[in-house]
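Participant: Below: one structure in structure tokens.
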Amino acid sequence: MVLVVVAAAALGLALALVRWLAAHWWVLLAVALLVAVAGGLWLYQRIQRGRWEQVRAQGLRYAMSQLDALHHREFEHAVRDLMKRDGCRDARQVGGAGDNGADVTATDPYGRRWVIQCKHRRDGDRGSAVGTPDLHVLNGTARQLHGADVVVLVTNGRFSSKCPPLAKSQRLHLVDRRVLGEWAAGGRPLWDLLRAVPPPRGPSRLS
């Protein structure tokens, strides 16, 4: 008898739920959309993780001729990809209107926050030199607005003679064509190629 009562109550609740959902069909649609979006995000993240694991396993490399041929936005993507190759899982290309001097941001395996501005020259080191105005912009925003521990300006070209002393005085790092070529073509991360990089915030994730 008790089982009959319970079954009848369950059936009644089920019928009431069906009637309510029939009257509020948009709820089902909203739930379906949320499930689809969540599933899509999960699948995208899984694909991205697999992609970057494959990239790191294969060892991403660029020749300078490849970097010279890129559009300036593609150059930013290449710098982001190199940071990811070296273990910066959250490396992002953020350059564009209103970027406040940052084109790529990343956190390295030692916990240091990197803010990188990219200056692409179609003619490489034969093009115009990157000057101090770009350094002043980067110096004024990288730490204050982006929380940088390491501030970098990278170019496939060259810097003017006034850039190195300014960069040294303001604890900025310059990556010119020579350093970029070594970084892009080799297997050493950028922090191994630069001098006076701040010490790690904590143990490396790679250890």
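The way I read the labels, and the way they are meant: chains A, B, ... in the order of the structure tokens, residue 1 as the first residue of every chain, and ligand 1 as the first ligand shown, with later ones counted on from there.
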Can you pull out every residue within 6 Å of region 129-134 of chain A, counting only C-alpha atoms, but drop anything in the same chain fewer than 5 positions away, and send it as a list in words?
Facilitator: Arg158, Phe159, Ser160 and Cys163 of chain A
Participant: Could you pull out the strand (DSSP E) residues of region 49-140 of chain A from DSSP and send them as a PyMOL selection string?
Facilitator: chain A and resi 92-93+104-107+113-119
Participant: Any chance you can output those residues with N, CA and C atoms as a JSON list (two decimals), in the first residue's frame?
Facilitator:
```json
[["chain", "number", "residue", "atom", "x", "y", "z"],
["A", 92, "ARG", "N", 48.89, 35.29, -23.41],
["A", 92, "ARG", "CA", 47.79, 35.81, -24.22],
["A", 92, "ARG", "C", 48.27, 36.96, -25.08],
["A", 93, "GLN", "N", 47.71, 37.06, -26.27],
["A", 93, "GLN", "CA", 47.92, 38.22, -27.12],
["A", 93, "GLN", "C", 46.81, 39.21, -26.77],
["A", 104, "VAL", "N", 51.50, 41.31, -25.34],
["A", 104, "VAL", "CA", 51.46, 39.93, -24.85],
["A", 104, "VAL", "C", 51.65, 39.94, -23.35],
["A", 105, "THR", "N", 50.84, 39.19, -22.62],
["A", 105, "THR", "CA", 51.04, 39.01, -21.19],
["A", 105, "THR", "C", 51.18, 37.52, -20.91],
["A", 106, "ALA", "N", 51.93, 37.20, -19.87],
["A", 106, "ALA", "CA", 52.17, 35.79, -19.54],
["A", 106, "ALA", "C", 52.70, 35.68, -18.12],
["A", 107, "THR", "N", 52.48, 34.51, -17.53],
["A", 107, "THR", "CA", 53.07, 34.18, -16.24],
["A", 107, "THR", "C", 53.98, 32.99, -16.46],
["A", 113, "ARG", "N", 55.23, 37.65, -13.60],
["A", 113, "ARG", "CA", 54.31, 38.22, -14.58],
["A", 113, "ARG", "C", 55.10, 38.97, -15.64],
["A", 114, "TRP", "N", 54.90, 38.59, -16.92],
["A", 114, "TRP", "CA", 55.59, 39.23, -18.03],
["A", 114, "TRP", "C", 54.62, 40.10, -18.81],
["A", 115, "VAL", "N", 55.06, 41.30, -19.14],
["A", 115, "VAL", "CA", 54.32, 42.18, -20.04],
["A", 115, "VAL", "C", 55.26, 42.54, -21.18],
["A", 116, "ILE", "N", 54.82, 42.23, -22.40],
["A", 116, "ILE", "CA", 55.68, 42.37, -23.57],
["A", 116, "ILE", "C", 55.01, 43.27, -24.60],
["A", 117, "GLN", "N", 55.77, 44.23, -25.08],
["A", 117, "GLN", "CA", 55.33, 45.03, -26.21],
["A", 117, "GLN", "C", 56.12, 44.59, -27.43],
["A", 118, "CYS", "N", 55.43, 44.44, -28.56],
["A", 118, "CYS", "CA", 56.05, 43.94, -29.79],
["A", 118, "CYS", "C", 56.10, 45.05, -30.84],
["A", 119, "LYS", "N", 57.26, 45.21, -31.45],
["A", 119, "LYS", "CA", 57.43, 46.17, -32.54],
["A", 119, "LYS", "C", 57.98, 45.43, -33.76]]
```
Participant: Which residue, A:Gly124, A:Gly147, A:Pro198, A:Gly101, has the smallest gap to Arg178 (chain A) when you use only C-alpha atoms?
Facilitator: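 Using only C-alpha atoms, Arg178 (chain A) sits closest to A:Gly124.
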Participant: Please report, as a ChimeraX atom specification, each residue of region 62-120 of chain A to which DSSP assigns helix (DSSP H, G or I) when run on this structure's backbone.
Facilitator: /A:64-68,72-85
Participant: Sort by chain and increasing residue number a table of all residues of region 90-156 of chain A within 8 Å of region 168-177 of chain A, each with its closest pair of atoms and their distance in Å to one decimal, counting only C-alpha atoms, and write it as a tab-separated table.
Facilitator:
```
residue	atom	partner	partner_atom	distance
A:Gly124	CA	A:Arg177	CA	7.7
A:Asp125	CA	A:Arg177	CA	7.1
A:Asn139	CA	A:Gln170	CA	7.4
A:Val150	CA	A:Leu172	CA	7.4
A:Val151	CA	A:Leu172	CA	5.3
A:Val152	CA	A:His173	CA	4.7
A:Leu153	CA	A:Leu174	CA	5.2
A:Val154	CA	A:Val175	CA	4.5
A:Thr155	CA	A:Asp176	CA	5.3
A:Asn156	CA	A:Arg177	CA	4.6
```
